[in-house]
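Below is entry-v2.txt, holding compact mmCIF, C-alpha atoms and all ligand atoms.
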# COMPACT_ATOMS: atom_id res chain seq x y z
CA MET I 1 -32.54 -158.08 -87.12
CA GLN I 2 -31.37 -157.82 -90.72
CA PRO I 3 -28.05 -157.46 -92.54
CA ARG I 4 -27.35 -154.19 -94.34
CA ASP I 5 -29.10 -153.53 -97.64
CA LEU I 6 -27.58 -156.15 -99.94
CA SER I 7 -29.95 -155.65 -102.85
CA ALA I 8 -27.15 -154.32 -105.08
CA HIS I 9 -25.12 -157.48 -104.38
CA THR I 10 -25.29 -160.47 -106.68
CA VAL I 11 -24.77 -164.11 -105.84
CA TYR I 12 -21.77 -165.72 -107.54
CA ARG I 13 -22.98 -168.62 -109.65
CA ALA I 14 -20.19 -171.08 -110.30
CA GLY I 15 -20.35 -173.70 -113.02
CA ARG I 16 -22.09 -176.72 -111.49
CA GLY I 17 -20.07 -179.52 -109.97
CA VAL I 18 -19.97 -183.06 -111.31
CA GLU I 19 -21.56 -184.55 -108.18
CA GLU I 20 -24.51 -182.14 -108.29
CA VAL I 21 -25.21 -182.78 -111.95
CA ALA I 22 -24.78 -186.54 -111.61
CA ARG I 23 -27.25 -186.61 -108.73
CA ASP I 24 -29.81 -184.53 -110.67
CA LEU I 25 -29.58 -186.65 -113.80
CA ASP I 26 -29.12 -189.93 -111.98
CA LEU I 27 -25.82 -190.56 -113.80
CA ASP I 28 -22.48 -191.90 -112.64
CA PRO I 29 -20.15 -188.92 -111.99
CA ASP I 30 -17.42 -190.82 -113.87
CA ASP I 31 -19.51 -190.67 -117.05
CA LEU I 32 -19.63 -186.86 -116.97
CA VAL I 33 -17.12 -184.52 -118.60
CA LYS I 34 -16.95 -181.22 -116.74
CA LEU I 35 -15.88 -178.41 -119.03
CA SER I 36 -17.66 -175.54 -117.31
CA SER I 37 -15.21 -173.96 -114.85
CA ASN I 38 -11.87 -173.74 -116.71
CA GLU I 39 -10.21 -176.17 -114.32
CA ASN I 40 -7.17 -178.15 -115.45
CA VAL I 41 -8.55 -181.53 -116.54
CA LEU I 42 -5.09 -183.08 -116.05
CA GLY I 43 -5.45 -182.44 -112.33
CA PRO I 44 -2.83 -180.92 -110.04
CA SER I 45 0.90 -181.33 -110.50
CA PRO I 46 1.98 -184.65 -108.95
CA LYS I 47 4.62 -182.65 -107.08
CA ALA I 48 1.89 -180.54 -105.51
CA VAL I 49 0.02 -183.68 -104.48
CA ASP I 50 3.19 -185.02 -102.82
CA ALA I 51 3.67 -181.72 -101.00
CA ILE I 52 0.10 -181.84 -99.69
CA ARG I 53 0.61 -185.40 -98.44
CA ASP I 54 3.98 -184.59 -96.91
CA HIS I 55 2.57 -181.69 -94.89
CA ALA I 56 -0.81 -183.12 -93.96
CA ASP I 57 0.31 -183.93 -90.43
CA THR I 58 1.45 -180.39 -89.64
CA VAL I 59 -1.82 -178.58 -90.30
CA HIS I 60 -2.46 -178.10 -86.59
CA VAL I 61 -0.10 -175.09 -86.63
CA TYR I 62 -0.74 -171.75 -88.32
CA PRO I 63 1.06 -171.38 -91.65
CA LYS I 64 4.13 -169.15 -91.35
CA ALA I 65 7.22 -170.57 -93.02
CA SER I 66 5.19 -171.99 -95.90
CA HIS I 67 3.82 -168.52 -96.68
CA THR I 68 7.30 -166.97 -96.55
CA ASP I 69 8.71 -169.72 -98.78
CA LEU I 70 5.95 -169.31 -101.34
CA ILE I 71 6.34 -165.52 -101.46
CA GLU I 72 10.08 -165.90 -101.96
CA GLY I 73 9.54 -168.46 -104.70
CA LEU I 74 7.12 -166.17 -106.51
CA ALA I 75 9.31 -163.08 -106.06
CA ASP I 76 12.12 -165.07 -107.65
CA ARG I 77 9.91 -166.26 -110.47
CA TRP I 78 8.81 -162.70 -111.35
CA ASP I 79 11.99 -160.86 -110.46
CA LEU I 80 10.29 -158.64 -107.89
CA ALA I 81 10.89 -157.96 -104.20
CA PRO I 82 9.04 -160.33 -101.83
CA GLU I 83 6.96 -157.37 -100.53
CA GLN I 84 5.51 -156.99 -104.02
CA VAL I 85 3.89 -160.43 -103.94
CA TRP I 86 0.48 -160.41 -102.26
CA ALA I 87 -0.59 -164.02 -101.73
CA ALA I 88 -4.27 -164.50 -100.99
CA ASN I 89 -7.19 -166.89 -100.86
CA GLY I 90 -7.47 -167.32 -104.62
CA GLY I 91 -7.31 -164.55 -107.19
CA ASP I 92 -10.62 -163.51 -105.64
CA GLY I 93 -8.81 -162.87 -102.37
CA VAL I 94 -6.34 -160.63 -104.21
CA LEU I 95 -9.25 -158.55 -105.52
CA ASP I 96 -10.48 -158.16 -101.93
CA CYS I 97 -7.03 -157.07 -100.73
CA LEU I 98 -6.87 -154.44 -103.49
CA SER I 99 -10.40 -153.19 -102.74
CA ARG I 100 -9.44 -152.76 -99.10
CA ALA I 101 -6.12 -151.12 -99.87
CA LEU I 102 -7.47 -148.66 -102.46
CA LEU I 103 -11.19 -147.92 -102.17
CA HIS I 104 -12.74 -145.18 -100.12
CA PRO I 105 -16.51 -145.64 -99.70
CA GLU I 106 -18.33 -144.84 -102.96
CA GLU I 107 -15.18 -144.76 -105.07
CA ARG I 108 -15.66 -146.50 -108.39
CA VAL I 109 -14.12 -149.45 -110.14
CA LEU I 110 -14.30 -149.73 -113.95
CA ILE I 111 -14.73 -153.32 -115.14
CA PRO I 112 -15.32 -155.10 -118.46
CA ASN I 113 -18.69 -156.23 -119.76
CA PRO I 114 -18.89 -159.11 -120.47
CA GLY I 115 -16.63 -160.02 -117.60
CA PHE I 116 -15.76 -161.91 -114.45
CA ALA I 117 -18.47 -161.42 -111.83
CA TYR I 118 -16.29 -161.10 -108.76
CA TYR I 119 -14.74 -157.74 -109.78
CA GLY I 120 -18.00 -155.93 -109.10
CA MET I 121 -18.86 -158.08 -106.11
CA SER I 122 -15.58 -157.35 -104.34
CA ALA I 123 -15.91 -153.60 -104.97
CA ARG I 124 -19.44 -153.60 -103.54
CA TYR I 125 -18.46 -155.67 -100.49
CA HIS I 126 -15.98 -152.92 -99.77
CA HIS I 127 -18.52 -150.11 -100.19
CA GLY I 128 -17.27 -149.18 -103.63
CA GLU I 129 -19.30 -148.67 -106.79
CA VAL I 130 -19.07 -150.14 -110.23
CA SER I 131 -19.00 -148.81 -113.80
CA GLU I 132 -18.53 -150.88 -116.91
CA TYR I 133 -16.88 -150.64 -120.30
CA THR I 134 -18.12 -152.86 -123.10
CA LEU I 135 -16.03 -155.18 -125.22
CA ASP I 136 -17.50 -154.88 -128.68
CA ARG I 137 -18.75 -158.18 -129.98
CA ALA I 138 -18.97 -156.93 -133.56
CA ASP I 139 -15.26 -156.18 -133.25
CA GLY I 140 -14.39 -159.67 -131.92
CA PHE I 141 -14.24 -158.38 -128.29
CA THR I 142 -10.98 -156.63 -129.17
CA GLN I 143 -9.30 -154.92 -126.23
CA THR I 144 -7.72 -151.50 -126.71
CA ALA I 145 -6.84 -148.64 -124.39
CA ALA I 146 -9.13 -146.33 -126.39
CA ASN I 147 -12.10 -148.60 -125.84
CA VAL I 148 -11.61 -148.53 -122.04
CA LEU I 149 -10.86 -144.80 -122.00
CA ASP I 150 -14.18 -144.09 -123.74
CA GLU I 151 -15.88 -145.02 -120.47
CA TYR I 152 -13.16 -143.95 -118.03
CA ASP I 153 -14.17 -141.21 -115.62
CA GLY I 154 -11.48 -141.11 -112.94
CA GLU I 155 -12.27 -144.52 -111.40
CA ARG I 156 -9.90 -145.67 -108.67
CA ILE I 157 -9.32 -149.09 -110.23
CA VAL I 158 -9.61 -150.09 -113.90
CA VAL I 159 -9.69 -153.84 -114.47
CA VAL I 160 -8.36 -155.41 -117.67
CA THR I 161 -8.75 -159.17 -118.07
CA SER I 162 -6.08 -160.50 -120.39
CA PRO I 163 -6.64 -163.22 -121.50
CA HIS I 164 -10.28 -162.31 -121.07
CA ASN I 165 -12.90 -164.61 -119.55
CA PRO I 166 -15.19 -165.60 -121.27
CA THR I 167 -14.16 -164.29 -124.71
CA GLY I 168 -10.47 -165.29 -124.80
CA SER I 169 -9.28 -161.93 -126.19
CA VAL I 170 -6.12 -160.16 -124.95
CA MET I 171 -4.95 -156.59 -124.46
CA PRO I 172 -1.42 -156.19 -125.90
CA LEU I 173 1.21 -154.81 -123.54
CA ASP I 174 1.57 -151.47 -125.36
CA GLU I 175 -2.19 -150.91 -124.99
CA VAL I 176 -2.01 -151.63 -121.24
CA GLU I 177 0.81 -149.13 -120.98
CA ALA I 178 -1.14 -146.54 -122.99
CA LEU I 179 -4.08 -147.06 -120.65
CA ALA I 180 -1.94 -146.56 -117.54
CA GLU I 181 -0.41 -143.42 -119.11
CA ALA I 182 -3.80 -141.93 -119.92
CA THR I 183 -5.51 -142.58 -116.57
CA ASP I 184 -5.08 -140.40 -113.47
CA GLU I 185 -2.10 -140.74 -111.18
CA GLU I 186 -4.33 -142.24 -108.47
CA THR I 187 -5.91 -144.84 -110.75
CA LEU I 188 -4.63 -148.40 -110.62
CA VAL I 189 -4.75 -150.47 -113.81
CA LEU I 190 -5.18 -154.05 -112.62
CA VAL I 191 -4.38 -156.66 -115.27
CA ASP I 192 -6.04 -159.96 -114.41
CA GLU I 193 -3.80 -162.66 -115.89
CA ALA I 194 -5.63 -165.64 -114.40
CA TYR I 195 -5.10 -167.34 -117.79
CA GLY I 196 -1.67 -165.83 -118.47
CA GLU I 197 0.08 -169.19 -118.80
CA PHE I 198 -1.97 -170.03 -121.91
CA THR I 199 -0.87 -167.09 -124.07
CA ASP I 200 2.32 -165.86 -125.71
CA VAL I 201 1.27 -162.24 -125.17
CA PRO I 202 3.81 -160.86 -122.65
CA SER I 203 2.74 -160.37 -119.02
CA ALA I 204 2.14 -156.84 -117.74
CA VAL I 205 4.57 -157.65 -114.90
CA SER I 206 7.20 -155.59 -116.77
CA LEU I 207 4.98 -152.54 -116.12
CA VAL I 208 4.74 -153.45 -112.43
CA ARG I 209 8.54 -153.20 -112.32
CA GLU I 210 8.58 -149.79 -114.03
CA ARG I 211 5.48 -147.99 -112.75
CA ASP I 212 3.50 -147.39 -109.56
CA ASP I 213 0.03 -147.70 -111.15
CA VAL I 214 -0.11 -151.17 -112.74
CA ALA I 215 -0.69 -154.41 -110.81
CA VAL I 216 -1.09 -157.99 -112.05
CA LEU I 217 -3.30 -160.76 -110.71
CA ARG I 218 -2.32 -164.41 -111.10
CA THR I 219 -3.76 -167.65 -109.76
CA PHE I 220 -2.91 -171.31 -109.18
CA SER I 221 -6.52 -172.26 -110.03
CA LYS I 222 -6.24 -172.61 -113.79
CA ALA I 223 -2.99 -173.77 -115.44
CA TYR I 224 -1.61 -175.14 -112.16
CA GLY I 225 -4.70 -177.21 -111.45
CA LEU I 226 -5.07 -176.11 -107.82
CA ALA I 227 -8.53 -174.48 -107.88
CA GLY I 228 -9.56 -176.46 -104.81
CA MET I 229 -6.65 -175.14 -102.74
CA ARG I 230 -7.68 -171.47 -103.17
CA LEU I 231 -4.40 -169.74 -103.93
CA GLY I 232 -3.72 -166.65 -105.99
CA TYR I 233 -1.42 -163.64 -105.82
CA GLY I 234 -1.07 -160.04 -106.84
CA LEU I 235 2.12 -158.47 -108.21
CA ILE I 236 2.10 -154.96 -106.78
CA PRO I 237 4.15 -151.79 -107.42
CA ALA I 238 7.03 -151.40 -104.95
CA ASP I 239 5.89 -147.90 -103.86
CA TRP I 240 2.87 -149.08 -101.94
CA ALA I 241 3.36 -152.84 -101.69
CA ASP I 242 3.80 -152.58 -97.91
CA ALA I 243 0.04 -152.04 -97.60
CA TYR I 244 -0.39 -155.83 -97.76
CA GLY I 245 0.28 -156.31 -94.05
CA ARG I 246 -2.52 -153.88 -93.22
CA VAL I 247 -5.23 -155.33 -95.47
CA HIS I 248 -4.90 -159.09 -95.77
CA THR I 249 -6.66 -161.57 -93.54
CA PRO I 250 -4.27 -163.23 -91.10
CA PHE I 251 -3.33 -166.68 -92.43
CA ASP I 252 -5.62 -166.43 -95.47
CA THR I 253 -3.38 -168.76 -97.46
CA GLY I 254 -3.45 -172.19 -95.84
CA GLU I 255 -0.42 -174.34 -95.07
CA LEU I 256 -1.28 -176.93 -97.72
CA ALA I 257 -2.13 -174.30 -100.34
CA CYS I 258 1.25 -172.62 -99.90
CA ARG I 259 3.16 -175.92 -99.96
CA ALA I 260 1.23 -177.11 -103.01
CA GLY I 261 1.71 -173.80 -104.81
CA LEU I 262 5.45 -173.78 -104.26
CA ALA I 263 5.77 -177.37 -105.47
CA ALA I 264 3.59 -176.68 -108.52
CA LEU I 265 5.71 -173.66 -109.39
CA ALA I 266 8.72 -175.97 -109.71
CA ASP I 267 6.93 -178.49 -111.93
CA ASP I 268 7.62 -177.19 -115.44
CA ASP I 269 6.70 -180.55 -117.01
CA HIS I 270 3.15 -180.48 -115.72
CA LEU I 271 2.70 -176.87 -116.79
CA GLU I 272 4.06 -177.58 -120.27
CA ARG I 273 1.86 -180.62 -120.69
CA SER I 274 -1.17 -178.59 -119.61
CA VAL I 275 -0.45 -175.69 -121.98
CA GLU I 276 0.21 -178.03 -124.92
CA MET I 277 -3.05 -179.85 -124.31
CA VAL I 278 -4.92 -176.54 -124.24
CA GLU I 279 -3.30 -175.29 -127.46
CA ARG I 280 -4.28 -178.47 -129.25
CA ALA I 281 -7.81 -178.42 -127.86
CA ARG I 282 -8.40 -174.81 -128.91
CA GLU I 283 -7.42 -175.53 -132.49
CA TYR I 284 -9.62 -178.61 -132.51
CA LEU I 285 -12.61 -176.69 -131.14
CA TYR I 286 -12.25 -173.91 -133.75
CA GLU I 287 -12.11 -176.55 -136.49
CA ALA I 288 -14.54 -179.16 -135.36
CA LEU I 289 -17.36 -177.26 -133.67
CA ASP I 290 -20.14 -176.39 -136.10
CA ALA I 291 -20.90 -173.23 -134.11
CA PRO I 292 -18.81 -170.11 -134.79
CA THR I 293 -16.04 -169.57 -132.22
CA TRP I 294 -13.71 -166.75 -131.19
CA GLU I 295 -9.94 -167.10 -131.08
CA SER I 296 -8.96 -167.72 -127.45
CA HIS I 297 -5.79 -167.15 -125.44
CA GLY I 298 -7.24 -169.00 -122.43
CA ASN I 299 -7.98 -172.65 -121.61
CA PHE I 300 -11.49 -172.32 -123.01
CA VAL I 301 -13.31 -171.37 -126.20
CA LEU I 302 -16.44 -169.25 -126.54
CA ALA I 303 -18.93 -170.51 -129.12
CA ASP I 304 -22.05 -168.91 -130.56
CA VAL I 305 -24.64 -171.69 -130.44
CA GLY I 306 -27.83 -169.63 -130.79
CA ASP I 307 -29.39 -170.51 -127.44
CA GLY I 308 -26.69 -171.06 -124.82
CA SER I 309 -28.86 -172.34 -122.00
CA ALA I 310 -30.78 -174.78 -124.24
CA VAL I 311 -27.56 -176.16 -125.70
CA ALA I 312 -25.85 -176.38 -122.29
CA GLU I 313 -28.86 -178.22 -120.86
CA ALA I 314 -29.13 -180.62 -123.78
CA ALA I 315 -25.38 -181.33 -123.66
CA GLN I 316 -25.60 -181.93 -119.94
CA ARG I 317 -28.23 -184.60 -120.47
CA GLU I 318 -25.61 -186.29 -122.67
CA GLY I 319 -23.03 -186.01 -119.91
CA VAL I 320 -21.07 -182.98 -121.19
CA ILE I 321 -21.15 -179.97 -118.86
CA VAL I 322 -20.31 -176.61 -120.45
CA ARG I 323 -20.86 -173.04 -119.25
CA ASP I 324 -23.99 -171.28 -120.44
CA CYS I 325 -22.91 -167.64 -120.81
CA GLY I 326 -26.24 -166.02 -119.95
CA SER I 327 -24.77 -164.76 -116.67
CA PHE I 328 -22.06 -162.99 -118.71
CA GLY I 329 -24.72 -161.25 -120.80
CA LEU I 330 -24.06 -163.57 -123.77
CA PRO I 331 -27.19 -165.75 -123.74
CA ASP I 332 -26.50 -167.16 -127.22
CA CYS I 333 -23.06 -168.45 -126.23
CA ILE I 334 -21.46 -171.29 -124.34
CA ARG I 335 -17.91 -171.48 -123.02
CA VAL I 336 -16.13 -174.82 -123.36
CA THR I 337 -13.10 -175.60 -121.20
CA CYS I 338 -10.19 -177.21 -123.06
CA GLY I 339 -9.54 -180.85 -122.17
CA THR I 340 -7.90 -184.01 -123.43
CA ASP I 341 -8.28 -185.21 -127.05
CA GLU I 342 -10.82 -187.76 -125.93
CA GLN I 343 -12.86 -185.24 -123.96
CA MET I 344 -12.80 -182.76 -126.82
CA GLU I 345 -13.98 -185.36 -129.32
CA ARG I 346 -16.85 -186.33 -127.09
CA ALA I 347 -17.75 -182.69 -126.35
CA VAL I 348 -17.71 -181.72 -130.02
CA SER I 349 -19.80 -184.69 -131.06
CA VAL I 350 -22.42 -183.96 -128.38
CA LEU I 351 -22.41 -180.19 -128.94
CA ASN I 352 -22.72 -180.48 -132.71
CA GLU I 353 -25.57 -182.91 -132.28
CA VAL I 354 -27.56 -180.78 -129.83
CA THR I 355 -26.81 -177.53 -131.69
CA ASP I 356 -28.05 -178.85 -135.04
CA GLY I 357 -31.03 -180.65 -133.55
C1 LIG R 401 -10.71 -168.04 -112.35
C2 LIG R 401 -10.52 -166.57 -112.46
C3 LIG R 401 -9.93 -165.81 -111.43
C4 LIG R 401 -9.43 -166.30 -110.12
O1 LIG R 401 -10.00 -167.40 -109.59
P1 LIG R 401 -9.46 -167.96 -108.19
O2 LIG R 401 -9.88 -169.38 -108.22
O3 LIG R 401 -10.12 -167.14 -107.12
O4 LIG R 401 -7.98 -167.79 -108.16
C5 LIG R 401 -9.74 -164.47 -111.63
N1 LIG R 401 -10.12 -163.88 -112.77
C6 LIG R 401 -10.69 -164.57 -113.76
C7 LIG R 401 -11.08 -163.85 -115.00
C8 LIG R 401 -10.93 -165.93 -113.64
O5 LIG R 401 -11.53 -166.58 -114.63
Would you mind giving the structure from this file in structure tokens?
Amino acid sequence: MQPRDLSAHTVYRAGRGVEEVARDLDLDPDDLVKLSSNENVLGPSPKAVDAIRDHADTVHVYPKASHTDLIEGLADRWDLAPEQVWAANGGDGVLDCLSRALLHPEERVLIPNPGFAYYGMSARYHHGEVSEYTLDRADGFTQTAANVLDEYDGERIVVVTSPHNPTGSVMPLDEVEALAEATDEETLVLVDEAYGEFTDVPSAVSLVRERDDVAVLRTFSKAYGLAGMRLGYGLIPADWADAYGRVHTPFDTGELACRAGLAALADDDHLERSVEMVERAREYLYEALDAPTWESHGNFVLADVGDGSAVAEAAQREGVIVRDCGSFGLPDCIRVTCGTDEQMERAVSVLNEVTDG
């Protein structure tokens, strides 16, 4: 037998892990700097680590109270009703919940190009179809409502990534609102704020409070340093937030993920330290990299190095792993995750060397 026709489906290619690369190059994993997946190089909040340890011996029971506690913590944090918080298995899991809740077969989703691969994948898994709008490189990948509306044709979901991966650009709140105003009543504008902690641009959550057609996606994978736990959440308009119970996988957020997330949410120190490190690293990368860069609101910087895959490969041989942006349709670019001063100095010295050579 065979599965259904999956030829339109793509395989998600994550940045490579330190162990894989170390094995390939016969290097010690400790000598590698991994700056390819926008993880928090400071690690998880120590409070989250304590919470994981404290609850390790109760993982034989299905998570119930931990999920309720997390949802209440997040509802509090965002000043929404608990029903409006859709916790899921990573931000990716939130995208799946929204696909299930909204898409009829063959309905379309409008997503950015360049952009995050899983938007299109999730839509296709759920028998939806995909159209794209282009962020104009000549215009610094600027995000406006007009630019999205140029391509809009009644899609069921329009995705805005702000801050945007991999370019770092943002869509200001008034533009998000203009977009929601201009699209059909039955179109959801989903604002992916996976990197929202790293920018001063206000969250679109205020629109979630006021409207029934704007939702926000957030994750614990980036600023909170919990990528390995798989925990993200959607902030959903009150009118239809009760759909969650009908579309999410039972117990899709694990006991330890919920406990860790709740503890991380209370650790302002760790979050502040992480954001400060990122702000410093961005400035340093703009200044010190020989390659032209774009201003970024995320924990990464996009750089035009001429031949992204050649530079990423050469840097990797020197122990610095960055993301070659060929899979984003930007083959001349690399994306460098922000790290500590020491990591940034080493990355810049290696990247400048392999870019010039
Ligand atoms: C990392 C990321 C996500 C979510 O990742 P999860 O680990 O599944 O929470 C969502 N959108 C963008 C643009 C991302 O870069």
Neighbour list for range 325-335 of chain I as a ChimeraX atom specification, cut-off 8 Å, all atoms listed in the file, skip fewer than 4 positions in-chain:
/I:36,113-117,166,300-309,311-312
Check every protein, DNA and RNA residue against ligand LIG 401 (chain R), keep those with an atom at most 9 Å away (counting all atoms listed in the file), and present them as an mmCIF file with C-alpha atoms, in the coordinates of the input.
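So out09.cif came out as:
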data_model
loop_
_atom_site.group_PDB
_atom_site.id
_atom_site.type_symbol
_atom_site.label_atom_id
_atom_site.label_comp_id
_atom_site.auth_asym_id
_atom_site.auth_seq_id
_atom_site.Cartn_x
_atom_site.Cartn_y
_atom_site.Cartn_z
ATOM 1 C CA SER I 37 -15.210 -173.960 -114.850
ATOM 2 C CA ASN I 38 -11.870 -173.740 -116.710
ATOM 3 C CA GLU I 39 -10.210 -176.170 -114.320
ATOM 4 C CA ALA I 88 -4.270 -164.500 -100.990
ATOM 5 C CA ASN I 89 -7.190 -166.890 -100.860
ATOM 6 C CA GLY I 90 -7.470 -167.320 -104.620
ATOM 7 C CA GLY I 91 -7.310 -164.550 -107.190
ATOM 8 C CA ASP I 92 -10.620 -163.510 -105.640
ATOM 9 C CA GLY I 93 -8.810 -162.870 -102.370
ATOM 10 C CA VAL I 94 -6.340 -160.630 -104.210
ATOM 11 C CA LEU I 95 -9.250 -158.550 -105.520
ATOM 12 C CA GLY I 115 -16.630 -160.020 -117.600
ATOM 13 C CA PHE I 116 -15.760 -161.910 -114.450
ATOM 14 C CA ALA I 117 -18.470 -161.420 -111.830
ATOM 15 C CA TYR I 118 -16.290 -161.100 -108.760
ATOM 16 C CA TYR I 119 -14.740 -157.740 -109.780
ATOM 17 C CA THR I 161 -8.750 -159.170 -118.070
ATOM 18 C CA SER I 162 -6.080 -160.500 -120.390
ATOM 19 C CA PRO I 163 -6.640 -163.220 -121.500
ATOM 20 C CA HIS I 164 -10.280 -162.310 -121.070
ATOM 21 C CA ASN I 165 -12.900 -164.610 -119.550
ATOM 22 C CA PRO I 166 -15.190 -165.600 -121.270
ATOM 23 C CA ASP I 192 -6.040 -159.960 -114.410
ATOM 24 C CA GLU I 193 -3.800 -162.660 -115.890
ATOM 25 C CA ALA I 194 -5.630 -165.640 -114.400
ATOM 26 C CA TYR I 195 -5.100 -167.340 -117.790
ATOM 27 C CA LEU I 217 -3.300 -160.760 -110.710
ATOM 28 C CA ARG I 218 -2.320 -164.410 -111.100
ATOM 29 C CA THR I 219 -3.760 -167.650 -109.760
ATOM 30 C CA PHE I 220 -2.910 -171.310 -109.180
ATOM 31 C CA SER I 221 -6.520 -172.260 -110.030
ATOM 32 C CA LYS I 222 -6.240 -172.610 -113.790
ATOM 33 C CA LEU I 226 -5.070 -176.110 -107.820
ATOM 34 C CA ALA I 227 -8.530 -174.480 -107.880
ATOM 35 C CA GLY I 228 -9.560 -176.460 -104.810
ATOM 36 C CA MET I 229 -6.650 -175.140 -102.740
ATOM 37 C CA ARG I 230 -7.680 -171.470 -103.170
ATOM 38 C CA LEU I 231 -4.400 -169.740 -103.930
ATOM 39 C CA GLY I 232 -3.720 -166.650 -105.990
ATOM 40 C CA TYR I 233 -1.420 -163.640 -105.820
#
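Comparing the minimum interatomic distances between Ile52 in chain I and each of I:Asp239, I:Leu262, I:Ala215, I:Ala315, counting all atoms listed in the file, we find that I:Leu262 sits nearest.
The spacing separating CA of Thr253 in chain I from CA of Ala87 in chain I amounts to 7.0 Å.
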May I ask which of the residues I:Tyr244, I:Tyr62, I:Tyr125, I:Trp78 is the closest one to His104 in chain I, counting all atoms listed in the file?
I:Tyr125
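Coordinates place CA of Val158 in chain I at a distance of 4.7 Å from CA of Leu110 in chain I.
By only C-alpha atoms, and with residues fewer than 6 positions from Asp31 in chain I along its chain excluded, the set lying at most 10 Å from it is Val18, Ala22, Glu318, Gly319 and Val320 of chain I.
Taking all atoms listed in the file into account, Ser122 in chain I lies nearest to I:Asp96 out of the set I:Asp139, I:Asp96, I:Asp57, I:Asp200.
Between CA of Glu181 in chain I and CA of Arg209 in chain I lies a distance of 14.9 Å.
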Residues near Leu98 in chain I, cut-off 10 Å, all atoms listed in the file, skip fewer than 5 positions along chain, as a ChimeraX atom specification:
/I:86,93,103,122-123,126,157,188,190,215,234,236,243-244,247-248
Check the smallest atom-to-atom distance from each of I:Lys34, I:Arg273, I:Arg246, I:His297 to Gln343 in chain I using all atoms listed in the file, then report the winner.
I:Lys34
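With distances restricted to only C-alpha atoms, I:Met121 is the closest residue to Val11 in chain I from I:Asp79, I:Met121, I:His55, I:Gly43.
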Using only C-alpha atoms, can you tell me which of I:Thr183, I:Thr68, I:Ser7, I:Asn40 comes closest to Ser274 in chain I?
I:Asn40
Any idea what's packed within 12 Å of His127 in chain I, counting all atoms listed in the file, ignoring anything in its chain fewer than 6 positions away? Could you give it as a VMD selection string?
chain I and resid 4 to 6 8 to 9 96 99 to 100 102 to 109 120 to 121
Give as a PyMOL selection string each residue that has an atom at most 10 Å from (-7.9, -147.9, -113.5) in the file, counting all atoms listed in the file.
chain I and resi 108-111+148-149+152-160+179-180+182-191+213-214
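Residues in contact with Leu351 in chain I at 10 Å, where only C-alpha atoms are counted and same-chain residues fewer than 3 positions away are skipped, are listed as Leu289, Asp290, Ala291, Val305, Val311, Ala312, Ala314, Ala315, Gln316, Glu318, Val320, Val322, Val336, Glu345, Arg346, Ala347, Val348, Val354, Thr355, Asp356 and Gly357 of chain I.
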